[in-house]
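Take a look at the structure below.
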Amino acid sequence: MYTLCLNTTVILQQGVLPSWLFCKMLRFLKRPLVVTVDINLNLVALTGLGLLTRLWQLSYPRAVVFDEVYYGQYISFYMKRIFFLDDSGPPFGHMLLALGGWLGGFDGNFLWNRIGAEYSSNVPIWSLRLLPALAGALSVPMAYQIVLELHFSHGAAMGAALLMLIENALITQSRLMLLESILIFFNLLAVLSYLKFFNSQTHSPFSVHWWLWLLLTGVSCSCAVGIKYMGIFTYLLVLGIAAVHTWNLIGDQTLSNMRVLSHLLARIVALLVVPVFLYLLFFYVHLRLLYRSGPHDQIMSSAFQASLEGGLARITQGQPLEVAFGSQVTLKSVSGKPLPCWLHSHKNTYPMIYENGRGSSHQQQVTCYPFKDINNWWIVKDPGRHQLVVNNPPRPVRHGDIVQLVHGMTTRLLNTHDVAAPLSPHSQEVSCYIDYNISMPAQNLWKLDIVNRESKRDTWKTILSEVRFVHVNTSAILKLSGAHLPDWGFRQLEVVGEKSSPGYHESMVWNVEEHRYGKSHEQKERELELHSPTQLDISRNLSFMARFSELQWKMLTLKNEDLEHQYSSTPLEWLTLDTNIAYWLHPRTSAQIHLLGNIVIWTSASLATVVYTLFFFWYLLRRRRSICDLPEDAWSHWVLAGALCTGGWALNYLPFFLMERVLFLYHYLPALTFQILLLPIVLQHASDHLCRSQLQRNVFSALVVAWYSSACHVSNMLRPLTYGDTPLSPGELRALRWKDSWDILIRK
């Protein structure tokens with residue numbers, strides 16, 4: 001061998017191969033290539049069963065099922081690049097559903113207007129339901145791995161996975177175009193990743209696997225929050241446990257200060273910086289995809305609307321940026337509540353006497369009108385000049401300037417005085433002044449207050465500036481009260497002068513939406529000018545952070561008016577499964593799909609949570625008396641399992657008692673998964689530490705087998721309502737109504 005290498009050196013030096021490399025290749029070829037792979041057949045079997053239960057006849061029913069009508073609209077918006085706003089959560093989950101539609105070639109053309117509507121041939125329903133189904137299937141083997149990482153037996157791990165496998169509500173929810181199964185997947189992935197990271201801490205810190213699982217923990221937490229705001233509960237759970245472990249790490253005297261600092265920085269980056277970055281990335285992709293104007297534009301600010309293609313951007317294209325004396329403007333209320341509306345006036349006057357007997361000024365009405373109209377135009381006038389045109393060069397209006405607002409179509413000036421507003425008697429009436437030659441002088445001077453100014457002499461900018469109008473004579477602020485005027489006010493919204501105005505409120509803030517430089521001196525010419533397009537073109541594109549901040553704020557503050565639903569329920573009803581949801585009914589037969597849990601599993605899971613809590617405090621009290629029933633390792637595993645499972649259940653369940661929104665049974669599913677993980681752990685603990693003899697263990701094992709068989713039996717009995725592929729007779733349906741509160745649909 002050595003001779004061969006020596007003889008080939010000359011040839012190799014001529015540029016073919018280095019001699020040392022050639023020798024290594026020869027040695028490598030003399031040895032067999034061996035690849036060793038460890039395959040956990042339990043994981044393979046569980047994954048296969050999970051895929052089978054979730055993917056079986058996934059395209060059935062080929063009709064819109066319950067909240068598919070809700071999420072389907074947003075998928076169509078993604079396909080057509082149309083902006084939308086959904087207050088249920090961040091956009092990552094919607095984007096994943098849209099990804100399924102994109103992979104299936106969906107063009108977005110389907111009218112999502114009715115539950116039960118048949119899907120047209122262009123809707124790839126299998127592809128749209130695929131990602132939730134895969135997430136639900138993969139949650140089964142993940143439950144197995146989590147229990148193993150908590151240092152419990154393979155039997156307990158198999159028990160947790162098999163319970164996840166046969167739980168009817170989890171199957172139903174994962175087979176439809178819904179987000180709960182994806183949320184549960186990332187919740188479990190975050191917990192599993194952190195456990196793998198924590199277990200690798202002792203023997204291989206800062207290794208590749210250590211970094212991989214730590215970073216995957218942060219990524220999974222961010223994905224969970226990005227799907228639904230409920231994901232933040234699991235994120236807080238992981239952060240809390242990580243904080244406790246880090247606190248213990250700081251107290252480890254075997255580690256140097258630099259080593260401890262390295263651990264802290266690694267956790268801060270992976271569990272705080274990475275999730276925040278990914279959360280922003282979700283919105284960045286969302287806003288990059290949805291660049292066209294859509295039906296939800298009116299909820300957003302004028303600046304946001306102008307950044308979208310079409311809609312307001314088409315109307316405002318070419319507007320001057322700086323408002324000048326003589327500018328013609330429309331003023332939109334920044335509040336947008338109860339409706340987006342614009343400052344408006346018309347020739348009609350306030351009634352002399354209101355229905356309640358109070359009198360008015362009988363001057364021209366000023367309202368807020370929720371539609372674009374020629375009577376929404378106002379002219380910004382310099383009180384020292386009579387002209388209603390813009391100078392050349394234009395003289396911009398700045399913060400603190402005194403202005404008059406002239407109604408474009410009637411040429412009357414915006415006015416307020418010490419007369420009670422029609423519906424808000426503690427506020428001043430706002431009108432356009434009519435000189436009746438009586439002792440009521442005009443009070444039409446307003447001081448411009450730019451709320452979001454960058455300097456004391458900042459200029460008033462179209463769309464971008466948020467301004468308040470402070471009345472010079474009375475210090476009242478122009479405000480949208482939000483009350484609807486009676487028929488004499490055409491049901492438009494009341495505008496008042498608010499005297500007592502502590503602090504900032506959106507109802508007092510306005511922004512210029514449409515803007516042009518006035519050039520006509522005569523009124524008839526000016527009226528024609530108000531209808532003509534503008535000429536200048538100034539870009540007003542918002543930065544990503546500005547758009548993200550506004551969109552996030554709207555999502556958090558937008559309130560859903562619907563506080564009741566036929567299938568809404570309370571958190572107390574979830575524990576005992578006193579409620580269900582009828583998802584779908586076949587149009588001709590009695591086949592139907594219900595969100596209905598396995599009552600054996602739900603009851604047992606709740607009981608396991610109670611038993612764990614009692615055991616935990618019992619052991620804690622005895623340890624306080626220096627009586628250690630469990631070895632130290634077993635105690636630490638017991639505490640960690642409880643912190644994750646009981647803590648995960650509590651954090652994903654208890655906050656719903658504080659929420660003022662419509663709640664459904666599926667909101668409980670993330671909490672239920674943590675209870676299911678806890679159930680076999682409690683059973684193993686009872687077998688290992690409470691059963692003293694082999695006979696007791698055998699009897700206990702037989703009881704567990706019987707209990708699991710009953711759960712399987714219930715799962716099989718509810719199967720027709722889980723998959724909806726089997727028509728049942730009225731008698732069979734009545735037999736499945738085990739609780740009077742269950743709404744099983746029976747055709748008459």
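Ordering of the structure tokens sets the chain letters (A, B, ...); residue numbers start at 1 within each chain; ligands are numbered from 1 in the order shown.
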
DSSP strand (DSSP E) selection over segment 408-487 of chain A, as a PyMOL selection string: chain A and resi 414-420+428-432+446-450+467-471+477-484

Spatial neighbours of Trp602 of chain A, max dist 10 Å, only C-alpha atoms, sep filter under 4 positions, as an NGL selection string: :A and (167 or 574-577 or 597-598 or 606-608 or 672 or 675-676 or 711)

Surrounding residues of segment 229-240 of chain A excluding itself and chain neighbours under 2 positions, 6 Å, only C-alpha atoms, as a list in words: Gly89, Cys221, Ala224, Val225, Ala242, Ala243, Leu651 and Asn652 of chain A

Using only C-alpha atoms, determine which residues lie at most 6 Å from Ser302 of chain A, disregarding the query and same-chain residues fewer than 2 positions distant; provide the list as a PDB file with all heavy atoms, in the first residue's frame.
```
ATOM      1  N   PHE A 304     -52.915  54.531   6.168  1.00  0.00           N
ATOM      2  CA  PHE A 304     -52.807  53.104   5.863  1.00  0.00           C
ATOM      3  C   PHE A 304     -53.547  52.793   4.568  1.00  0.00           C
ATOM      4  O   PHE A 304     -53.036  52.061   3.712  1.00  0.00           O
ATOM      5  CB  PHE A 304     -53.389  52.288   7.013  1.00  0.00           C
ATOM      6  CG  PHE A 304     -53.030  50.829   6.976  1.00  0.00           C
ATOM      7  CD1 PHE A 304     -52.046  50.326   7.808  1.00  0.00           C
ATOM      8  CD2 PHE A 304     -53.669  49.956   6.114  1.00  0.00           C
ATOM      9  CE1 PHE A 304     -51.705  48.980   7.783  1.00  0.00           C
ATOM     10  CE2 PHE A 304     -53.343  48.616   6.066  1.00  0.00           C
ATOM     11  CZ  PHE A 304     -52.351  48.127   6.905  1.00  0.00           C
ATOM     12  N   GLN A 305     -54.745  53.347   4.412  1.00  0.00           N
ATOM     13  CA  GLN A 305     -55.518  53.097   3.198  1.00  0.00           C
ATOM     14  C   GLN A 305     -54.783  53.588   1.961  1.00  0.00           C
ATOM     15  O   GLN A 305     -54.806  52.942   0.915  1.00  0.00           O
ATOM     16  CB  GLN A 305     -56.871  53.793   3.295  1.00  0.00           C
ATOM     17  CG  GLN A 305     -57.791  53.228   4.363  1.00  0.00           C
ATOM     18  CD  GLN A 305     -59.096  53.975   4.428  1.00  0.00           C
ATOM     19  OE1 GLN A 305     -59.787  54.135   3.420  1.00  0.00           O
ATOM     20  NE2 GLN A 305     -59.446  54.450   5.612  1.00  0.00           N
ATOM     21  N   ILE A 463     -53.129  63.387   5.241  1.00  0.00           N
ATOM     22  CA  ILE A 463     -53.205  61.987   5.671  1.00  0.00           C
ATOM     23  C   ILE A 463     -52.341  61.716   6.903  1.00  0.00           C
ATOM     24  O   ILE A 463     -52.776  61.075   7.853  1.00  0.00           O
ATOM     25  CB  ILE A 463     -52.832  61.013   4.521  1.00  0.00           C
ATOM     26  CG1 ILE A 463     -53.920  61.046   3.436  1.00  0.00           C
ATOM     27  CG2 ILE A 463     -52.655  59.592   5.035  1.00  0.00           C
ATOM     28  CD1 ILE A 463     -53.649  60.142   2.261  1.00  0.00           C
ATOM     29  N   GLU A 513     -57.996  63.708   4.583  1.00  0.00           N
ATOM     30  CA  GLU A 513     -57.932  62.526   3.716  1.00  0.00           C
ATOM     31  C   GLU A 513     -57.784  62.940   2.253  1.00  0.00           C
ATOM     32  O   GLU A 513     -56.855  62.530   1.573  1.00  0.00           O
ATOM     33  CB  GLU A 513     -59.179  61.668   3.909  1.00  0.00           C
ATOM     34  CG  GLU A 513     -59.078  60.348   3.182  1.00  0.00           C
ATOM     35  CD  GLU A 513     -60.182  59.399   3.573  1.00  0.00           C
ATOM     36  OE1 GLU A 513     -59.988  58.634   4.537  1.00  0.00           O
ATOM     37  OE2 GLU A 513     -61.235  59.418   2.901  1.00  0.00           O
TER      38      GLU A 513
END
```

Expected answer as a PDB file with C-alpha atoms, in the first residue's frame: helix (DSSP H, G or I) residues in segment 388-552 of chain A:
```
ATOM      1  CA  ASP A 487     -84.632  62.207  11.516  1.00  0.00           C
ATOM      2  CA  TRP A 488     -84.191  65.988  11.302  1.00  0.00           C
ATOM      3  CA  GLY A 489     -80.423  65.287  11.237  1.00  0.00           C
ATOM      4  CA  GLU A 506     -59.371  59.610  19.287  1.00  0.00           C
ATOM      5  CA  SER A 507     -62.872  61.056  18.971  1.00  0.00           C
ATOM      6  CA  MET A 508     -61.297  64.555  19.133  1.00  0.00           C
ATOM      7  CA  GLN A 523     -68.278  80.125  -5.751  1.00  0.00           C
ATOM      8  CA  LYS A 524     -69.685  78.438  -8.883  1.00  0.00           C
ATOM      9  CA  GLU A 525     -66.198  77.856 -10.207  1.00  0.00           C
ATOM     10  CA  ARG A 526     -65.131  76.605  -6.782  1.00  0.00           C
ATOM     11  CA  GLU A 527     -67.974  74.048  -6.725  1.00  0.00           C
ATOM     12  CA  LEU A 528     -66.797  72.696 -10.058  1.00  0.00           C
ATOM     13  CA  GLU A 529     -63.233  72.644  -8.751  1.00  0.00           C
ATOM     14  CA  LEU A 530     -64.244  70.460  -5.814  1.00  0.00           C
ATOM     15  CA  PHE A 544     -43.496  48.775   7.816  1.00  0.00           C
ATOM     16  CA  MET A 545     -43.307  49.539  11.546  1.00  0.00           C
ATOM     17  CA  ALA A 546     -45.970  52.242  11.217  1.00  0.00           C
ATOM     18  CA  ARG A 547     -48.290  49.865   9.365  1.00  0.00           C
ATOM     19  CA  PHE A 548     -47.531  47.015  11.768  1.00  0.00           C
ATOM     20  CA  SER A 549     -48.218  49.194  14.825  1.00  0.00           C
ATOM     21  CA  GLU A 550     -51.545  50.385  13.470  1.00  0.00           C
ATOM     22  CA  LEU A 551     -52.650  46.936  12.331  1.00  0.00           C
ATOM     23  CA  GLN A 552     -51.660  45.350  15.647  1.00  0.00           C
TER      24      GLN A 552
END
```

Show me a table, sorted first by chain and then by increasing residue number, of the residues of segment 163-253 of chain A having an atom at most 10 Å from segment 723-744 of chain A, each with its shortest atom pair and the distance in Å to one decimal, counting only C-alpha atoms and written as a tab-separated table.
```
residue	atom	partner	partner_atom	distance
A:Asn168	CA	A:Tyr723	CA	9.3
A:Ile171	CA	A:Tyr723	CA	8.5
A:Thr172	CA	A:Tyr723	CA	7.0
A:Arg175	CA	A:Tyr723	CA	8.6
```

Residue neighbourhood segment 137-143 of chain A, 6 Å, only C-alpha atoms, exclusion window fewer than 4 positions, as JSON, numbers by chain: {"A": [43, 46, 47, 50, 51, 161, 164, 165, 185]}

Residue contacts of Arg453 of chain A (9 Å, only C-alpha atoms) excluding same-chain residues fewer than 5 positions away, as a list in words: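 Selected residues are His399, Asp458, Thr459, Trp460, Ser465, Glu466 and Val467 of chain A.
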
Taking N, CA, C and O atoms for each residue, export the selection above as a short mmCIF file (atom, residue, chain, number, x, y, z; two decimals), in the first residue's frame.
```cif
data_model
loop_
_atom_site.label_atom_id
_atom_site.label_comp_id
_atom_site.auth_asym_id
_atom_site.auth_seq_id
_atom_site.Cartn_x
_atom_site.Cartn_y
_atom_site.Cartn_z
N HIS A 399 -48.53 73.96 13.18
CA HIS A 399 -49.04 73.73 14.52
C HIS A 399 -49.14 75.05 15.28
O HIS A 399 -48.21 75.86 15.30
N ASP A 458 -44.29 72.27 13.33
CA ASP A 458 -44.50 71.25 12.30
C ASP A 458 -45.65 71.67 11.39
O ASP A 458 -46.62 72.29 11.82
N THR A 459 -45.55 71.32 10.10
CA THR A 459 -46.60 71.66 9.14
C THR A 459 -47.70 70.61 9.15
O THR A 459 -47.48 69.43 9.48
N TRP A 460 -48.90 71.06 8.79
CA TRP A 460 -50.06 70.20 8.71
C TRP A 460 -49.97 69.40 7.41
O TRP A 460 -49.97 69.97 6.33
N SER A 465 -50.83 63.79 9.27
CA SER A 465 -51.00 64.56 10.51
C SER A 465 -52.34 64.25 11.17
O SER A 465 -53.38 64.24 10.50
N GLU A 466 -52.29 64.01 12.49
CA GLU A 466 -53.51 63.87 13.28
C GLU A 466 -53.69 65.16 14.08
O GLU A 466 -52.80 65.53 14.86
N VAL A 467 -54.81 65.83 13.87
CA VAL A 467 -54.96 67.19 14.41
C VAL A 467 -56.21 67.31 15.27
O VAL A 467 -57.17 66.54 15.12
#
```

Residues within 10 Å of Gly642 of chain A, only C-alpha atoms, excluding chain neighbours under 6 positions, as a list in words: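 The neighbour list is Thr609, Tyr612, Thr613, Phe616, Ser636, Gly648, Trp649, Phe674, Gln675, Leu677, Leu678, Ile681 and Val682 of chain A.
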
Those same residues, written as a PDB file, in the first residue's frame with C-alpha atoms?
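So the final result, stored in result37.pdb, reads:
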```pdb
ATOM      1  CA  THR A 609     -55.770  17.147  37.339  1.00  0.00           C
ATOM      2  CA  TYR A 612     -52.292  15.440  40.813  1.00  0.00           C
ATOM      3  CA  THR A 613     -52.973  18.679  42.691  1.00  0.00           C
ATOM      4  CA  PHE A 616     -48.584  17.472  45.000  1.00  0.00           C
ATOM      5  CA  SER A 636     -38.133  16.606  40.468  1.00  0.00           C
ATOM      6  CA  GLY A 648     -50.359  24.362  30.764  1.00  0.00           C
ATOM      7  CA  TRP A 649     -53.970  23.413  31.456  1.00  0.00           C
ATOM      8  CA  PHE A 674     -52.134  19.220  28.572  1.00  0.00           C
ATOM      9  CA  GLN A 675     -54.609  17.277  30.727  1.00  0.00           C
ATOM     10  CA  LEU A 677     -50.517  14.362  28.869  1.00  0.00           C
ATOM     11  CA  LEU A 678     -50.978  14.417  32.636  1.00  0.00           C
ATOM     12  CA  ILE A 681     -48.425  10.226  34.329  1.00  0.00           C
ATOM     13  CA  VAL A 682     -50.845  10.159  37.272  1.00  0.00           C
TER      14      VAL A 682
END
```
